[in-house]
$ cat query.cif   # mmCIF, C-alpha atoms
data_data
#
loop_
_atom_site.label_atom_id
_atom_site.label_comp_id
_atom_site.auth_asym_id
_atom_site.auth_seq_id
_atom_site.Cartn_x
_atom_site.Cartn_y
_atom_site.Cartn_z
CA MET D 534 117.05 108.89 66.72
CA SER D 535 113.38 109.08 65.95
CA PHE D 536 110.80 106.44 66.69
CA SER D 537 110.06 103.97 63.88
CA SER D 538 107.55 101.18 63.43
CA ALA D 539 110.20 98.62 64.42
CA ASP D 540 110.35 100.26 67.83
CA TRP D 541 106.88 99.33 69.12
CA TRP D 542 107.99 96.05 70.66
CA PRO D 543 111.06 97.50 72.37
CA LEU D 544 108.87 100.30 73.80
CA PHE D 545 106.22 97.86 75.03
CA GLY D 546 108.82 95.39 76.28
CA HIS D 547 110.65 98.02 78.28
CA PHE D 548 107.50 99.00 80.15
CA LEU D 549 106.60 95.34 80.74
CA GLY D 550 109.93 94.99 82.50
CA MET D 551 109.48 98.25 84.41
CA SER D 552 106.13 97.00 85.69
CA MET D 553 107.77 94.06 87.43
CA LEU D 554 110.58 96.22 88.85
CA ALA D 555 108.32 98.98 90.19
CA ILE D 556 108.47 97.93 93.81
CA GLY D 557 107.60 101.00 95.84
CA GLY D 558 105.79 102.89 93.11
CA ALA D 559 106.07 103.90 89.49
CA LEU D 560 108.37 106.86 90.20
CA ALA D 561 111.01 104.44 91.47
CA VAL D 562 111.59 103.16 87.94
CA ALA D 563 111.85 106.63 86.40
CA PRO D 564 115.68 106.47 86.34
CA ASP D 565 115.61 103.30 84.26
CA ILE D 566 112.91 104.65 81.93
CA HIS D 567 115.18 107.68 81.44
CA ARG D 568 118.26 105.52 80.88
CA TYR D 569 116.53 103.55 78.12
CA ILE D 570 114.15 106.03 76.44
CA VAL D 571 116.32 109.16 76.64
CA GLY D 572 119.84 107.76 76.93
CA GLU D 573 119.95 104.55 74.94
CA ARG D 574 117.20 105.15 72.36
CA GLY D 575 117.09 108.94 72.24
CA TRP D 576 113.36 108.91 71.45
CA ILE D 577 112.78 111.99 73.61
CA ASP D 578 115.13 114.47 75.31
CA ASP D 579 115.72 115.50 78.93
CA SER D 580 113.28 118.40 78.87
CA GLN D 581 110.45 116.24 77.48
CA PHE D 582 111.17 113.63 80.13
CA SER D 583 111.03 116.04 83.04
CA ALA D 584 107.99 117.78 81.50
CA ALA D 585 106.19 114.42 81.52
CA ILE D 586 106.84 113.95 85.23
CA ALA D 587 105.94 117.55 85.99
CA LEU D 588 102.65 117.28 84.06
CA ALA D 589 101.70 114.06 85.83
CA GLN D 590 102.44 115.64 89.21
CA ALA D 591 100.39 118.71 88.33
CA ALA D 592 97.35 116.71 87.20
CA PRO D 593 95.08 114.74 89.54
CA GLY D 594 95.45 110.96 89.75
CA PRO D 595 98.17 108.44 90.51
CA ASN D 596 101.85 109.29 89.85
CA LEU D 597 101.94 106.36 87.46
CA LEU D 598 100.38 108.61 84.81
CA PHE D 599 103.78 110.02 83.89
CA VAL D 600 104.21 106.73 82.00
CA PRO D 601 101.51 107.35 79.34
CA VAL D 602 102.72 110.96 79.04
CA ILE D 603 106.20 109.68 78.18
CA GLY D 604 104.59 107.23 75.74
CA TYR D 605 102.68 110.12 74.21
CA ALA D 606 105.85 112.17 73.77
CA VAL D 607 107.54 109.18 72.10
CA ALA D 608 104.78 108.07 69.72
CA GLY D 609 101.50 109.93 70.19
CA LEU D 610 98.29 108.44 71.55
CA ALA D 611 99.21 104.88 70.53
CA GLY D 612 102.50 105.34 72.36
CA ALA D 613 100.61 106.42 75.47
CA GLY D 614 98.43 103.31 75.28
CA VAL D 615 101.34 100.94 74.69
CA ALA D 616 103.35 102.42 77.56
CA LEU D 617 100.43 102.34 80.00
CA LEU D 618 99.39 98.79 79.10
CA GLY D 619 102.98 97.58 79.37
CA MET D 620 103.28 99.20 82.78
CA LEU D 621 99.99 97.71 84.01
CA ILE D 622 99.65 94.19 82.60
CA PRO D 623 102.36 92.23 84.49
CA SER D 624 101.87 93.89 87.87
CA THR D 625 98.07 93.73 87.62
CA ALA D 626 98.09 90.04 86.77
CA LEU D 627 100.47 89.35 89.64
CA ALA D 628 98.47 91.45 92.10
CA LEU D 629 95.29 89.54 91.35
CA LEU D 630 97.05 86.18 91.60
CA VAL D 631 98.92 86.92 94.78
CA SER D 632 96.59 89.13 96.81
CA ARG D 633 94.53 86.31 98.30
CA TRP D 634 97.63 84.25 98.91
CA GLY D 635 99.63 87.12 100.44
CA SER D 636 97.05 88.46 102.87
CA LYS D 637 97.23 85.26 104.87
CA ARG D 638 101.02 85.23 104.94
CA ARG D 639 102.09 88.79 105.54
CA GLU D 640 103.48 87.92 108.99
CA GLN D 641 105.71 85.23 107.59
CA ARG D 642 109.46 85.61 107.69
CA GLY D 643 109.90 85.56 103.92
CA VAL D 644 107.33 88.29 103.28
CA ARG D 645 108.68 90.48 106.11
CA ALA D 646 112.25 89.99 104.86
CA PHE D 647 111.18 91.06 101.37
CA VAL D 648 109.51 94.23 102.64
CA ALA D 649 112.47 95.09 104.90
CA GLY D 650 115.14 94.31 102.31
CA MET D 651 113.48 96.29 99.53
CA ALA D 652 112.81 99.39 101.67
CA PRO D 653 116.29 100.99 101.34
CA ILE D 654 116.30 100.22 97.62
CA THR D 655 112.95 101.96 97.13
CA ILE D 656 114.18 105.07 98.94
CA ALA D 657 117.41 105.03 96.93
CA LEU D 658 115.43 104.86 93.69
CA LEU D 659 113.27 107.83 94.72
CA LEU D 660 116.43 109.81 95.55
CA SER D 661 117.82 108.87 92.14
CA THR D 662 114.60 110.02 90.44
CA GLY D 663 114.73 113.37 92.25
CA GLY D 664 118.41 113.76 91.41
CA LEU D 665 117.77 112.90 87.77
CA LEU D 666 115.15 115.64 87.51
CA ALA D 667 117.26 118.17 89.40
CA LEU D 668 120.51 117.60 87.53
CA PRO D 669 119.66 119.22 84.15
CA MET D 670 118.86 122.40 86.12
CA ALA D 671 122.23 122.42 87.87
CA ARG D 672 123.26 125.73 86.28
CA ILE D 673 120.03 127.62 87.02
CA PRO D 674 120.12 129.27 90.48
CA GLY D 675 116.36 129.95 90.45
CA ALA D 676 115.64 126.28 89.89
CA TRP D 677 117.87 125.28 92.80
CA LEU D 678 116.08 127.72 95.06
CA LEU D 679 112.74 126.26 93.97
CA ILE D 680 113.90 122.68 94.60
CA VAL D 681 115.28 123.45 98.06
CA ALA D 682 112.19 125.47 99.01
CA THR D 683 109.91 122.65 97.85
CA VAL D 684 111.79 120.06 99.89
CA ALA D 685 111.68 122.28 102.98
CA LEU D 686 107.98 123.05 102.52
CA ALA D 687 107.03 119.42 101.92
CA LEU D 688 108.96 118.28 104.99
CA LYS D 689 107.78 121.01 107.35
CA THR D 690 104.16 121.61 106.34
CA ARG D 691 101.13 119.63 105.21
CA LEU D 692 100.43 121.99 102.33
CA SER D 693 98.95 120.32 99.24
CA PRO D 694 101.65 119.81 96.59
CA VAL D 695 99.38 121.39 94.00
CA TRP D 696 100.20 124.85 95.43
CA ALA D 697 103.93 124.25 95.18
CA ILE D 698 103.49 123.19 91.56
CA ALA D 699 101.43 126.30 90.83
CA VAL D 700 104.16 128.51 92.31
CA GLY D 701 106.74 126.65 90.22
CA ALA D 702 104.69 127.19 87.05
CA VAL D 703 104.32 130.93 87.72
CA ALA D 704 108.01 131.38 88.62
CA GLY D 705 108.99 129.47 85.48
CA ALA D 706 106.59 131.39 83.22
CA ALA D 707 108.01 134.64 84.61
CA GLY D 708 111.44 133.51 83.46
CA LEU D 709 112.91 133.10 86.95
CA VAL D 710 113.87 129.45 86.51
CA VAL G 900 79.82 98.51 101.76
CA PRO G 901 79.72 99.15 98.01
CA ARG G 902 76.54 97.91 96.32
CA SER G 903 77.83 97.32 92.79
CA PRO G 904 80.97 97.48 90.63
CA GLY G 905 79.42 100.63 89.15
CA GLU G 906 79.48 102.34 92.53
CA MET G 907 83.06 101.16 92.99
CA LEU G 908 84.00 102.77 89.67
CA ARG G 909 82.35 106.07 90.64
CA VAL G 910 84.00 106.21 94.06
CA PHE G 911 87.47 105.41 92.74
CA SER G 912 87.02 108.03 89.99
CA ALA G 913 86.05 110.61 92.59
CA LEU G 914 89.03 109.89 94.81
CA ALA G 915 91.49 109.77 91.92
CA MET G 916 90.32 113.23 90.82
CA GLN G 917 91.04 114.62 94.29
CA GLY G 918 94.52 113.12 94.41
CA PHE G 919 97.05 115.80 93.59
CA GLY G 920 100.54 114.48 94.21
CA GLY G 921 99.40 111.08 95.42
CA VAL G 922 96.05 109.33 95.79
CA LEU G 923 96.82 107.26 98.90
CA PRO G 924 95.90 109.82 101.57
CA VAL G 925 92.62 110.57 99.77
CA ALA G 926 91.88 106.86 99.46
CA GLN G 927 92.36 106.38 103.17
CA ARG G 928 90.05 109.27 104.06
CA GLU G 929 87.37 108.24 101.58
CA LEU G 930 87.33 104.44 101.88
CA VAL G 931 87.99 104.10 105.61
CA GLU G 932 86.71 107.23 107.30
CA ARG G 933 83.87 108.49 105.10
CA ARG G 934 82.39 105.43 103.40
CA GLN G 935 83.63 102.78 105.83
CA TRP G 936 84.04 100.14 103.15
CA LEU G 937 87.14 98.98 104.98
CA THR G 938 88.37 99.09 108.55
CA ARG G 939 91.70 100.75 109.19
CA GLU G 940 93.29 97.31 109.59
CA GLN G 941 91.88 96.06 106.29
CA PHE G 942 93.15 99.18 104.56
CA LEU G 943 96.61 98.77 106.04
CA GLU G 944 96.65 95.14 104.99
CA ALA G 945 95.70 95.98 101.39
CA LEU G 946 98.37 98.68 101.40
CA SER G 947 101.11 96.44 102.73
CA ILE G 948 100.34 93.77 100.13
CA GLY G 949 100.22 96.49 97.48
CA GLN G 950 103.67 97.61 98.55
CA VAL G 951 105.25 94.16 98.46
CA LEU G 952 104.01 93.52 94.95
CA PRO G 953 105.64 95.17 91.97
CA GLY G 954 103.59 97.85 90.24
CA PRO G 955 102.20 101.16 91.50
CA ASN G 956 100.98 100.76 95.10
CA ILE G 957 97.70 102.54 94.62
CA VAL G 958 96.87 100.50 91.52
CA ASN G 959 97.60 97.26 93.36
CA MET G 960 95.51 98.42 96.29
CA ALA G 961 92.56 99.32 94.07
CA LEU G 962 92.77 95.87 92.46
CA ILE G 963 92.88 94.12 95.84
CA ILE G 964 89.95 96.12 97.25
CA GLY G 965 87.86 95.73 94.07
CA ASP G 966 88.61 92.01 94.03
CA ARG G 967 87.62 91.61 97.67
CA PHE G 968 84.09 92.94 97.04
CA PHE G 969 83.19 91.84 93.50
CA GLY G 970 85.94 89.53 92.22
CA TRP G 971 87.55 90.44 88.92
CA ARG G 972 84.65 92.72 87.93
CA GLY G 973 85.29 94.80 91.01
CA ALA G 974 89.02 94.85 90.30
CA VAL G 975 88.43 96.12 86.76
CA ALA G 976 85.91 98.71 88.00
CA ALA G 977 88.32 100.04 90.61
CA LEU G 978 91.23 100.16 88.14
CA VAL G 979 89.24 101.93 85.41
CA GLY G 980 87.80 104.35 87.96
CA LEU G 981 91.25 105.15 89.28
CA LEU G 982 92.84 105.75 85.86
CA ALA G 983 90.30 106.78 83.20
CA LEU G 984 89.52 110.42 84.01
CA PRO G 985 93.01 111.38 85.22
CA LEU G 986 94.45 109.77 82.08
CA LEU G 987 92.22 111.92 79.84
CA ILE G 988 93.24 115.05 81.72
CA VAL G 989 96.96 114.35 81.73
CA LEU G 990 96.96 113.45 78.01
CA ALA G 991 95.06 116.65 77.21
CA LEU G 992 97.75 118.56 79.13
CA ALA G 993 100.48 116.63 77.31
CA ALA G 994 98.91 117.43 73.92
CA MET G 995 98.75 121.13 74.80
CA TYR G 996 102.31 121.04 76.04
CA ALA G 997 103.53 119.35 72.84
CA ARG G 998 101.84 122.09 70.81
CA PHE G 999 103.21 125.03 72.74
CA ALA G 1000 106.52 123.58 73.98
CA THR G 1001 108.53 126.08 71.96
CA GLU G 1002 106.79 129.08 73.57
CA PRO G 1003 109.25 130.47 76.13
CA ILE G 1004 106.49 131.00 78.70
CA VAL G 1005 105.22 127.40 78.45
CA ALA G 1006 108.74 125.96 78.46
CA GLY G 1007 109.57 128.12 81.48
CA ALA G 1008 106.42 127.10 83.36
CA LEU G 1009 107.17 123.43 82.76
CA ARG G 1010 110.78 123.91 83.90
CA GLY G 1011 109.50 125.51 87.09
CA MET G 1012 107.02 122.68 87.61
CA GLY G 1013 109.80 120.19 86.94
CA ALA G 1014 111.95 121.76 89.64
CA VAL G 1015 109.06 121.49 92.09
CA ALA G 1016 108.41 117.89 91.03
CA ALA G 1017 112.08 117.09 91.73
CA GLY G 1018 111.73 118.70 95.16
CA LEU G 1019 108.52 116.78 95.94
CA ILE G 1020 110.12 113.46 95.06
CA LEU G 1021 113.27 114.21 97.08
CA ALA G 1022 111.05 115.21 100.03
CA MET G 1023 109.10 111.96 99.71
CA ALA G 1024 112.37 110.04 99.92
CA CYS G 1025 113.50 112.11 102.93
CA LYS G 1026 110.22 111.40 104.74
CA LEU G 1027 110.77 107.67 104.27
CA LEU G 1028 114.38 107.72 105.51
CA PRO G 1029 113.52 107.56 109.26
CA THR G 1030 111.58 104.31 108.70
CA LEU G 1031 114.94 102.64 108.06
CA ALA G 1032 115.81 103.07 111.75
CA ARG G 1033 113.22 100.38 112.55
CA ASN G 1034 114.24 98.16 109.65
CA PRO G 1035 115.30 94.66 110.69
CA LEU G 1036 118.37 95.13 108.45
CA GLY G 1037 119.80 97.62 110.94
CA ARG G 1038 121.15 101.04 110.05
CA PRO G 1039 124.57 100.13 108.61
CA LEU G 1040 123.21 97.54 106.18
CA SER G 1041 120.26 99.73 105.20
CA ALA G 1042 122.64 102.61 104.50
CA LEU G 1043 124.92 100.33 102.50
CA ALA G 1044 122.04 99.04 100.33
CA LEU G 1045 120.78 102.60 99.83
CA LEU G 1046 124.18 103.99 98.83
CA ALA G 1047 124.92 101.05 96.54
CA THR G 1048 121.59 101.57 94.73
CA VAL G 1049 122.02 105.35 94.41
CA THR G 1050 125.53 104.81 93.03
CA THR G 1051 124.73 102.10 90.50
CA VAL G 1052 121.31 103.36 89.32
CA GLY G 1053 121.46 107.10 90.02
CA VAL G 1054 125.09 107.90 89.27
CA LEU G 1055 126.50 105.14 87.04
CA ARG G 1056 123.13 104.61 85.27
CA TRP G 1057 123.39 100.86 85.20
CA PRO G 1058 120.26 99.01 84.12
CA MET G 1059 118.01 98.88 87.16
CA ALA G 1060 117.15 95.19 86.80
CA TYR G 1061 120.71 94.13 87.69
CA ALA G 1062 120.99 96.53 90.60
CA VAL G 1063 117.58 95.66 92.05
CA ILE G 1064 118.09 91.93 91.70
CA ALA G 1065 121.67 91.95 93.04
CA ILE G 1066 121.42 94.56 95.81
CA GLY G 1067 117.75 93.91 96.58
CA GLY G 1068 118.35 90.18 96.63
CA ALA G 1069 121.28 90.55 99.02
CA ALA G 1070 119.30 92.91 101.27
CA VAL G 1071 116.27 90.61 101.37
CA PHE G 1072 118.54 87.68 102.22
CA ALA G 1073 120.23 89.70 104.99
CA ALA G 1074 116.84 90.72 106.39
CA TRP G 1075 115.67 87.12 106.29
CA TRP G 1076 118.79 86.07 108.17
CA ARG G 1077 118.37 88.77 110.79
CA LEU G 1078 114.68 88.15 111.37
CA GLY G 1079 115.64 84.65 112.45
CA PRO G 1080 113.31 81.69 112.83
CA LYS G 1081 109.98 82.43 114.46
CA PRO G 1082 110.25 82.40 118.26
#
$ encode --input "query.cif" --output "structure tokens"
Amino acid sequence: MSFSSADWWPLFGHFLGMSMLAIGGALAVAPDIHRYIVGERGWIDDSQFSAAIALAQAAPGPNLLFVPVIGYAVAGLAGAGVALLGMLIPSTALALLVSRWGSKRREQRGVRAFVAGMAPITIALLLSTGGLLALPMARIPGAWLLIVATVALALKTRLSPVWAIAVGAVAGAAGLV
Amino acid sequence: VPRSPGEMLRVFSALAMQGFGGVLPVAQRELVERRQWLTREQFLEALSIGQVLPGPNIVNMALIIGDRFFGWRGAVAALVGLLALPLLIVLALAAMYARFATEPIVAGALRGMGAVAAGLILAMACKLLPTLARNPLGRPLSALALLATVTTVGVLRWPMAYAVIAIGGAAVFAAWWRLGPKP
């Protein structure tokens, strides 16, 4: 299914919703962006989706920038703008409204319960995102090796992730992955 | 202390451009240690509010810090600084990728980078796992909420809104219960 002019609102609306669900970072909602954009709508495919996340990780700046890259793959520059604005508007408005209110109340039971209760969900969503990216490569031994080595390196050393990404790019370009 | 929203924009641009695989550590070094705009406590407070709120943490934090110094003008300056240059770069990369995606070398490089990205995200999740030991929910309930979310969102691919509202709501309620009334 290709993107048509009737699809602008659904695209924008999906990212508006993702903005409010992105507790614990933009990468946490990647599984739901995938479910909708790749699975339900079929606007882009698996390889474009994981390329978007890989590009955003390779470039400087916040992880959130995988969102405009997905928008770009779906519908060009306008798609990038629509996706980014959708992702930013609700959470930005809420942050500005709540920040003064919340800083005085962060020790309160309700706020602490929210942080504590959402923590396992955030971690679960990150695991799901990692799994989602790893799964299409299930039949490529080189890719598995790269994934396991990256996890080990990131857990054991303080090496900048940019080096790991560079190694991944070279290994992939050489046809090992 | 920043003198103007313009300076805020420049500093957030500079730190965003140094942030490969996450801007938070750079922000801490730059804003707290080098420029001393914020004390460590103020930084931690902005971060913890940024984490409670929906939306990307670093974006929320930039908004809160910008707002603290210059009101909404500061918030806009910090947000634009954080996003503008990296956005241009990543879109340029995306445009190049779209053009050469069929080249086997480019496709291979991106697949390799994708594998590393998967590894980085899994490692991030693994680094956060030990924090659950101190969670007021306790280990069994934390593990239950985590497994339920991985199953519904990661494996069954249910819409995340239902899972987050149902499982997250239950977990927040359980945490609220366990925290008990203030002593």
$ residues_around --input "query.cif" --residues "region 946-948 of chain G" --least-positions-apart "5" --cutoff "12 Å" --atoms "all atoms listed in the file" --output "ChimeraX atom specification"
/D:556-558,627-640,644-645,647-649 /G:923-924,926-927,937,939-941,953-964
$ write_last_selection --input "query.cif" --atoms "C-alpha atoms" --output "PDB file, keeping the file's coordinate frame"
ATOM      1  CA  ILE D 556     108.470  97.930  93.810  1.00  0.00           C
ATOM      2  CA  GLY D 557     107.600 101.000  95.840  1.00  0.00           C
ATOM      3  CA  GLY D 558     105.790 102.890  93.110  1.00  0.00           C
ATOM      4  CA  LEU D 627     100.470  89.350  89.640  1.00  0.00           C
ATOM      5  CA  ALA D 628      98.470  91.450  92.100  1.00  0.00           C
ATOM      6  CA  LEU D 629      95.290  89.540  91.350  1.00  0.00           C
ATOM      7  CA  LEU D 630      97.050  86.180  91.600  1.00  0.00           C
ATOM      8  CA  VAL D 631      98.920  86.920  94.780  1.00  0.00           C
ATOM      9  CA  SER D 632      96.590  89.130  96.810  1.00  0.00           C
ATOM     10  CA  ARG D 633      94.530  86.310  98.300  1.00  0.00           C
ATOM     11  CA  TRP D 634      97.630  84.250  98.910  1.00  0.00           C
ATOM     12  CA  GLY D 635      99.630  87.120 100.440  1.00  0.00           C
ATOM     13  CA  SER D 636      97.050  88.460 102.870  1.00  0.00           C
ATOM     14  CA  LYS D 637      97.230  85.260 104.870  1.00  0.00           C
ATOM     15  CA  ARG D 638     101.020  85.230 104.940  1.00  0.00           C
ATOM     16  CA  ARG D 639     102.090  88.790 105.540  1.00  0.00           C
ATOM     17  CA  GLU D 640     103.480  87.920 108.990  1.00  0.00           C
ATOM     18  CA  VAL D 644     107.330  88.290 103.280  1.00  0.00           C
ATOM     19  CA  ARG D 645     108.680  90.480 106.110  1.00  0.00           C
ATOM     20  CA  PHE D 647     111.180  91.060 101.370  1.00  0.00           C
ATOM     21  CA  VAL D 648     109.510  94.230 102.640  1.00  0.00           C
ATOM     22  CA  ALA D 649     112.470  95.090 104.900  1.00  0.00           C
TER      23      ALA D 649
ATOM     24  CA  LEU G 923      96.820 107.260  98.900  1.00  0.00           C
ATOM     25  CA  PRO G 924      95.900 109.820 101.570  1.00  0.00           C
ATOM     26  CA  ALA G 926      91.880 106.860  99.460  1.00  0.00           C
ATOM     27  CA  GLN G 927      92.360 106.380 103.170  1.00  0.00           C
ATOM     28  CA  LEU G 937      87.140  98.980 104.980  1.00  0.00           C
ATOM     29  CA  ARG G 939      91.700 100.750 109.190  1.00  0.00           C
ATOM     30  CA  GLU G 940      93.290  97.310 109.590  1.00  0.00           C
ATOM     31  CA  GLN G 941      91.880  96.060 106.290  1.00  0.00           C
ATOM     32  CA  PRO G 953     105.640  95.170  91.970  1.00  0.00           C
ATOM     33  CA  GLY G 954     103.590  97.850  90.240  1.00  0.00           C
ATOM     34  CA  PRO G 955     102.200 101.160  91.500  1.00  0.00           C
ATOM     35  CA  ASN G 956     100.980 100.760  95.100  1.00  0.00           C
ATOM     36  CA  ILE G 957      97.700 102.540  94.620  1.00  0.00           C
ATOM     37  CA  VAL G 958      96.870 100.500  91.520  1.00  0.00           C
ATOM     38  CA  ASN G 959      97.600  97.260  93.360  1.00  0.00           C
ATOM     39  CA  MET G 960      95.510  98.420  96.290  1.00  0.00           C
ATOM     40  CA  ALA G 961      92.560  99.320  94.070  1.00  0.00           C
ATOM     41  CA  LEU G 962      92.770  95.870  92.460  1.00  0.00           C
ATOM     42  CA  ILE G 963      92.880  94.120  95.840  1.00  0.00           C
ATOM     43  CA  ILE G 964      89.950  96.120  97.250  1.00  0.00           C
TER      44      ILE G 964
END
$ closest_atom_pairs --input "query.cif" --of "region 592-703 of chain D" --to "region 576-584 of chain D" --cutoff "12 Å" --atoms "all atoms listed in the file" --output "tab-separated table"
residue	atom	partner	partner_atom	distance
D:Phe599	CA	D:Phe582	CA	9.0
D:Val600	CA	D:Phe582	CA	10.0
D:Pro601	CA	D:Phe582	CA	11.5
D:Val602	CA	D:Phe582	CA	8.9
D:Ile603	CA	D:Phe582	CA	6.6
D:Gly604	CA	D:Ile577	CA	9.7
D:Tyr605	CA	D:Ile577	CA	10.3
D:Ala606	CA	D:Ile577	CA	6.9
D:Val607	CA	D:Trp576	CA	5.9
D:Ala608	CA	D:Trp576	CA	8.8
D:Gly609	CA	D:Ile577	CA	12.0
D:Gly612	CA	D:Trp576	CA	11.5
D:Thr662	CA	D:Ser583	CA	10.2
D:Gly663	CA	D:Ser583	CA	10.3
D:Gly664	CA	D:Ser583	CA	11.4
D:Leu665	CA	D:Ser583	CA	8.8
D:Leu666	CA	D:Ser583	CA	6.1
D:Ala667	CA	D:Ser583	CA	9.2
D:Leu668	CA	D:Asp579	CA	10.1
D:Pro669	CA	D:Asp579	CA	7.5
D:Met670	CA	D:Ser580	CA	10.0
D:Ala702	CA	D:Ala584	CA	11.4
$ atom_distance --input "query.cif" --atom1 "CA of Trp677 (chain D)" --atom2 "CA of Pro593 (chain D)"
25.3 Å
$ atom_distance --input "query.cif" --atom1 "CA of Arg934 (chain G)" --atom2 "CA of Ala915 (chain G)"
15.3 Å
$ atom_distance --input "query.cif" --atom1 "CA of Arg642 (chain D)" --atom2 "CA of Ile654 (chain D)"
19.0 Å
$ closest_residue --input "query.cif" --among "D:Leu679, D:Ile656, D:Leu621, D:Ala687" --to "Leu978 (chain G)" --atoms "all atoms listed in the file"
D:Leu621
$ resolve_selection --input "query.cif" --expression "the PyMOL selection byres ((chain D and resi 537-547) around 6)" --output "PyMOL selection string"
chain D and resi 536+548-550+615-616+619
$ residues_around --input "query.cif" --residues "Leu930 (chain G)" --least-positions-apart "6" --cutoff "10 Å" --atoms "only C-alpha atoms" --output "list in words"
Val900, Val910, Phe911, Leu914, Trp936, Leu937, Thr938, Arg939, Phe942 and Ile964 of chain G
$ resolve_selection --input "query.cif" --expression "the PyMOL selection byres ((chain D and resi 682) around 12)" --output "PyMOL selection string"
(chain D and resi 675-681+683-690+697-698+700-701) or (chain G and resi 1014-1019+1021-1022)
$ resolve_selection --input "query.cif" --expression "the PyMOL selection byres ((chain D and resi 565) around 9)" --output "PyMOL selection string"
(chain D and resi 551+561-564+566-570) or (chain G and resi 1052+1056-1060)
$ closest_residue --input "query.cif" --among "D:Leu692, D:Ala555, D:Leu588, D:Thr655" --to "Ala1008 (chain G)" --atoms "only C-alpha atoms"
D:Leu588
$ closest_residue --input "query.cif" --among "G:Ile1004, G:Val979, G:Val922, G:Ala994" --to "Val710 (chain D)" --atoms "only C-alpha atoms"
G:Ile1004
$ closest_residue --input "query.cif" --among "G:Ala913, G:Leu986, G:Pro1039, G:Val975" --to "chain D" --atoms "all atoms listed in the file"
G:Leu986
$ axis_aligned_box --input "query.cif" --around "region 540-554 of chain D" --padding-each-side "5 Å" --output "lines of an AutoDock Vina configuration file"
center_x = 108.6
center_y = 97.2
center_z = 78.3
size_x = 14.9
size_y = 16.2
size_z = 31.0
$ closest_residue --input "query.cif" --among "D:Leu618, D:Pro595, D:Ala585, D:Gly575" --to "Leu984 (chain G)" --atoms "all atoms listed in the file"
D:Pro595
$ closest_residue --input "query.cif" --among "D:Leu597, D:Val703, D:Met553, D:Ala592" --to "Ala1006 (chain G)" --atoms "all atoms listed in the file"
D:Val703
$ decode --input "query.cif" --residues "region 991-1001 of chain G" --atoms "N, CA, C and O atoms" --output "CSV table (one decimal), in the first residue's frame"
chain,number,residue,atom,x,y,z
G,991,ALA,N,19.6,14.6,5.7
G,991,ALA,CA,20.6,14.5,4.5
G,991,ALA,C,21.0,13.0,4.4
G,991,ALA,O,21.1,12.5,3.3
G,992,LEU,N,21.3,12.4,5.5
G,992,LEU,CA,21.7,10.9,5.5
G,992,LEU,C,20.5,10.1,4.9
G,992,LEU,O,20.8,9.2,4.1
G,993,ALA,N,19.3,10.4,5.4
G,993,ALA,CA,18.2,9.6,4.9
G,993,ALA,C,18.0,9.8,3.4
G,993,ALA,O,17.6,8.8,2.7
G,994,ALA,N,18.2,11.0,2.9
G,994,ALA,CA,18.0,11.3,1.5
G,994,ALA,C,19.1,10.5,0.7
G,994,ALA,O,18.7,9.9,-0.4
G,995,MET,N,20.3,10.5,1.2
G,995,MET,CA,21.3,9.7,0.5
G,995,MET,C,21.0,8.2,0.5
G,995,MET,O,21.2,7.5,-0.5
G,996,TYR,N,20.5,7.8,1.7
G,996,TYR,CA,20.2,6.4,1.8
G,996,TYR,C,19.1,6.0,0.8
G,996,TYR,O,19.2,5.0,0.1
G,997,ALA,N,18.1,6.8,0.7
G,997,ALA,CA,16.9,6.6,-0.1
G,997,ALA,C,17.4,6.4,-1.6
G,997,ALA,O,16.9,5.6,-2.4
G,998,ARG,N,18.4,7.3,-1.9
G,998,ARG,CA,19.0,7.3,-3.3
G,998,ARG,C,19.8,6.0,-3.6
G,998,ARG,O,19.7,5.5,-4.7
G,999,PHE,N,20.5,5.5,-2.6
G,999,PHE,CA,21.5,4.5,-2.9
G,999,PHE,C,21.0,3.2,-2.2
G,999,PHE,O,21.9,2.2,-2.1
G,1000,ALA,N,19.8,3.1,-1.8
G,1000,ALA,CA,19.4,1.9,-1.0
G,1000,ALA,C,19.5,0.6,-1.7
G,1000,ALA,O,19.7,-0.5,-1.1
G,1001,THR,N,19.4,0.7,-3.1
G,1001,THR,CA,19.5,-0.6,-3.8
G,1001,THR,C,21.0,-1.1,-4.0
G,1001,THR,O,21.2,-2.2,-4.5
